[in-house]
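Reading through the structure tokens given below for one structure.
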Amino acid sequence: MLLYDMTVGMNPRRVRIFLAEKGLTIPTRQVDGLKRENLTPEFRAINSLGKVPVLELDDGTLLTESVAICRYLEALHPEKPLFGRTNLEKAKVDMWTRRIEFEIVAPIVSHFQHTGEYWIGRLQQEPVCGELARNRAFDAFAWLDRELAGREFIAADHYTIADIVAQCGFLVGKATGTRIPPELKELNRWYTAVVARPTARA
Ligand SMILES: N[C@@H](CCC(=O)N[C@@H](CS)C(=O)NCC(=O)O)C(=O)O
């Protein structure tokens with residue numbers, strides 16, 4: 001197996017944290033986004049969308065999408081389940097992972113894409129869309145803060161892929177102008193705990 005990785009990227013970080021939580025290591029190859037290595041014809045032959053992560057299997061199969069890669073690795077290494085244990089827990093982990101992707105991560109990324117220097121010349125930037133995304137992000141942060149009252153983790157009574165997806169999103173927000181407001185006590189309590197895990201810097 002070979003993992004195409006980008007150290008600063010949010011989505012490859014999900015896979016690295018997932019691997020670290022499982023105690024697994026996979027050979028990696030760095031793709032430099034600043035040098036636009038992800039947009040070369042060679043890399044587009046690996047992922048036509050020009051995005052990382054990509055997991056290349058020993059038979060040459062190419063798997064993209066960070067959560068799909070993690071799900072495949074979970075099937076190979078079920079110990080320390082990060083996608084839920086029971087049928088109901090698995091459904092809840094799915095539910096929360098999707099809620100986090102759409103409600104939390106999407107506006108954080110959209111704000112970054114419409115305002116960040118990295119995206120100049122890569123995407124059409126509209127400052128007003130950045131502002132709307134920022135407002136949407138903060139509304140969603142307040143919603144998640146309310147949801148987390150009395151709960152240690154997002155989807156289950158233990159750490160799951162939903163927490164990983166969320167913490168990687170908030171890390172992007174911290175660097176790009178959608179940091180968690182200090183008054184959101186539950187969300188800050190959860191975030192402080194997940195980023196203190198030994199795997200958070202993977
Ligand atoms: N939905 C995909 C998103 C992949 C993605 O957007 N990757 C980013 C890194 S975080 C990327 O390759 N960005 C480079 C670019 O678009 O220039 C996933 O979950 O893997």
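Letters for chains follow the order of the structure tokens (A, B, ...), residue numbers begin at 1 for each chain, and ligand numbers begin at 1 in the order shown.
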
Site check for ligand 1: residues at most 6 Å away, only C-alpha atoms and all ligand atoms, as a ChimeraX atom specification: /A:9-11,33,51-53,65-67

Output N, CA and C atoms for every residue in that selection, as a PDB file, in the first residue's frame.
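Saved result, selection-v9.pdb, follows:
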```
ATOM      1  N   GLY A   9      -2.644  19.354   4.483  1.00  0.00           N
ATOM      2  CA  GLY A   9      -4.037  19.210   4.047  1.00  0.00           C
ATOM      3  C   GLY A   9      -4.943  18.619   5.127  1.00  0.00           C
ATOM      4  N   MET A  10      -6.191  19.101   5.153  1.00  0.00           N
ATOM      5  CA  MET A  10      -7.151  18.632   6.157  1.00  0.00           C
ATOM      6  C   MET A  10      -7.531  17.156   5.944  1.00  0.00           C
ATOM      7  N   ASN A  11      -7.766  16.782   4.693  1.00  0.00           N
ATOM      8  CA  ASN A  11      -8.280  15.424   4.431  1.00  0.00           C
ATOM      9  C   ASN A  11      -7.233  14.331   4.618  1.00  0.00           C
ATOM     10  N   GLY A  33       1.111  20.662  -2.672  1.00  0.00           N
ATOM     11  CA  GLY A  33       0.037  21.476  -3.255  1.00  0.00           C
ATOM     12  C   GLY A  33       0.536  22.845  -3.687  1.00  0.00           C
ATOM     13  N   LYS A  51      -6.803  15.617  -6.138  1.00  0.00           N
ATOM     14  CA  LYS A  51      -6.887  15.797  -4.678  1.00  0.00           C
ATOM     15  C   LYS A  51      -6.216  14.642  -3.948  1.00  0.00           C
ATOM     16  N   VAL A  52      -5.792  14.944  -2.734  1.00  0.00           N
ATOM     17  CA  VAL A  52      -5.278  13.919  -1.821  1.00  0.00           C
ATOM     18  C   VAL A  52      -6.183  13.870  -0.589  1.00  0.00           C
ATOM     19  N   PRO A  53      -6.219  12.775   0.121  1.00  0.00           N
ATOM     20  CA  PRO A  53      -5.401  11.582   0.013  1.00  0.00           C
ATOM     21  C   PRO A  53      -5.879  10.616  -1.077  1.00  0.00           C
ATOM     22  N   GLU A  65     -10.985   9.702  -1.428  1.00  0.00           N
ATOM     23  CA  GLU A  65     -11.939  10.102  -0.386  1.00  0.00           C
ATOM     24  C   GLU A  65     -11.461   9.595   0.979  1.00  0.00           C
ATOM     25  N   SER A  66     -11.092  10.555   1.803  1.00  0.00           N
ATOM     26  CA  SER A  66     -10.471  10.235   3.093  1.00  0.00           C
ATOM     27  C   SER A  66     -11.314   9.273   3.947  1.00  0.00           C
ATOM     28  N   VAL A  67     -12.629   9.510   4.004  1.00  0.00           N
ATOM     29  CA  VAL A  67     -13.458   8.665   4.888  1.00  0.00           C
ATOM     30  C   VAL A  67     -13.591   7.256   4.299  1.00  0.00           C
TER      31      VAL A  67
END
```

Arg136 of chain A surroundings by only C-alpha atoms, 8 Å radius, close-in-sequence under 4 positions cut, as an MDAnalysis selection string: chainID A and resid 107 132 140

Those in segment 2-150 of chain A with strand (DSSP E) from DSSP, as a list in words: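 Those residues are Leu2, Leu3, Tyr4, Asp5, Thr28, Arg29, Gln30, Val54, Leu55, Glu56, Leu62, Leu63 and Thr64 of chain A.
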
Using C-alpha atoms, can you export the residues from the last selection as a compact mmCIF listing (two decimals), in the first residue's frame?
```
# COMPACT_ATOMS: atom_id res chain seq x y z
CA LEU A 2 1.02 3.59 -0.61
CA LEU A 3 -0.68 6.68 0.79
CA TYR A 4 -0.47 9.88 -1.24
CA ASP A 5 -0.33 12.53 1.44
CA THR A 28 3.56 7.60 2.18
CA ARG A 29 4.45 9.85 -0.73
CA GLN A 30 4.14 13.61 -0.29
CA VAL A 54 -5.24 8.59 -2.31
CA LEU A 55 -4.57 5.06 -1.13
CA GLU A 56 -2.89 2.87 -3.72
CA LEU A 62 -6.68 3.58 -6.32
CA LEU A 63 -8.98 4.61 -3.50
CA THR A 64 -9.80 8.28 -2.99
```

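For the residues A:Leu24, A:Ala68, A:Leu39, A:Leu34, ranking by smallest atom-to-atom distance to Tyr118 of chain A using only C-alpha atoms places A:Leu34 first.
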
Can you pull out the residues contacting Ile104 of chain A? Cut-off 8 Å, using only C-alpha atoms, and skip same-chain residues under 5 positions away; I want them as a PDB file with C-alpha atoms, in the first residue's frame.
```pdb
ATOM      1  CA  ARG A  99     -23.604  16.183   9.673  1.00  0.00           C
ATOM      2  CA  ALA A 137     -19.887  28.262  10.081  1.00  0.00           C
ATOM      3  CA  ALA A 140     -23.181  25.625  12.959  1.00  0.00           C
ATOM      4  CA  PHE A 141     -20.540  25.912  15.712  1.00  0.00           C
ATOM      5  CA  ALA A 166     -14.519  17.550  13.035  1.00  0.00           C
ATOM      6  CA  GLY A 169     -12.013  20.861  10.105  1.00  0.00           C
TER       7      GLY A 169
END
```

Phe112 of chain A environment, 9 Å, only C-alpha atoms, sequence neighbours closer than 5 positions dropped, as a list in words: Pro107, Glu117, Tyr118, Trp119, Gly130, Ala133, Arg134, Val172, Gly173, Thr176, Gly177 and Thr178 of chain A

How would the residues just picked look written out with N, CA and C atoms as a compact mmCIF listing (two decimals), in the first residue's frame?
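Ended up saving to part.txt:
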```txt
# COMPACT_ATOMS: atom_id res chain seq x y z
N PRO A 107 -18.77 24.86 5.45
CA PRO A 107 -18.63 26.32 5.52
C PRO A 107 -17.21 26.78 5.90
N GLU A 117 -5.33 32.87 0.28
CA GLU A 117 -4.35 33.10 -0.79
C GLU A 117 -4.09 31.84 -1.62
N TYR A 118 -4.10 30.67 -0.92
CA TYR A 118 -3.81 29.40 -1.61
C TYR A 118 -4.69 29.21 -2.84
N TRP A 119 -5.94 29.73 -2.74
CA TRP A 119 -6.93 29.43 -3.78
C TRP A 119 -6.94 30.43 -4.92
N GLY A 130 -17.49 34.20 0.85
CA GLY A 130 -16.65 33.93 2.02
C GLY A 130 -17.34 34.39 3.30
N ALA A 133 -20.29 32.15 4.12
CA ALA A 133 -19.82 30.85 4.63
C ALA A 133 -19.36 31.00 6.08
N ARG A 134 -18.71 32.12 6.37
CA ARG A 134 -18.23 32.37 7.74
C ARG A 134 -19.42 32.44 8.71
N VAL A 172 -8.41 23.68 10.43
CA VAL A 172 -8.38 24.58 9.27
C VAL A 172 -9.01 25.92 9.64
N GLY A 173 -10.15 25.86 10.33
CA GLY A 173 -10.82 27.09 10.74
C GLY A 173 -9.95 27.97 11.60
N THR A 176 -7.63 29.87 9.40
CA THR A 176 -8.14 30.61 8.24
C THR A 176 -9.29 31.57 8.56
N GLY A 177 -9.54 31.82 9.86
CA GLY A 177 -10.51 32.86 10.19
C GLY A 177 -11.86 32.39 10.68
N THR A 178 -12.00 31.10 10.96
CA THR A 178 -13.25 30.62 11.59
C THR A 178 -12.90 29.78 12.82
```

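Candidate residues A:Leu88, A:Val194, A:Ala75, A:Met1 were compared for distance to Val165 of chain A, and the nearest is A:Val194, using only C-alpha atoms.
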
Residue nearest Ile17 of chain A - candidates A:Tyr72, A:Asn87, A:Val93, A:Leu82, atoms counted: only C-alpha atoms: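 Once distances to Ile17 of chain A are computed over only C-alpha atoms, the minimum belongs to A:Leu82.
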
Gap from atom CA of Glu186 of chain A to atom CA of Ile164 of chain A - Å, one decimal: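 Atom CA of Ile164 of chain A lies at a distance of 16.8 Å from atom CA of Glu186 of chain A.
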
Contacts of Lys22 of chain A at 12 Å (only C-alpha atoms; same-chain gap of 5+ positions) as a list in words: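 So the residues in contact are Val15, Arg16, Ile17, Cys70, Leu73, Glu74, Ala75, Leu76, His77, Pro78, Glu79, Lys80, Pro81, Leu82, Phe83, Tyr159, Thr160, Ile161, Thr199 and Ala202 of chain A.
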
Backbone-only DSSP, helix (DSSP H, G or I) members of chain A, as a ChimeraX atom specification: /A:10-22,37-39,41-44,66-76,87-115,117-119,127-147,161-176,185-195
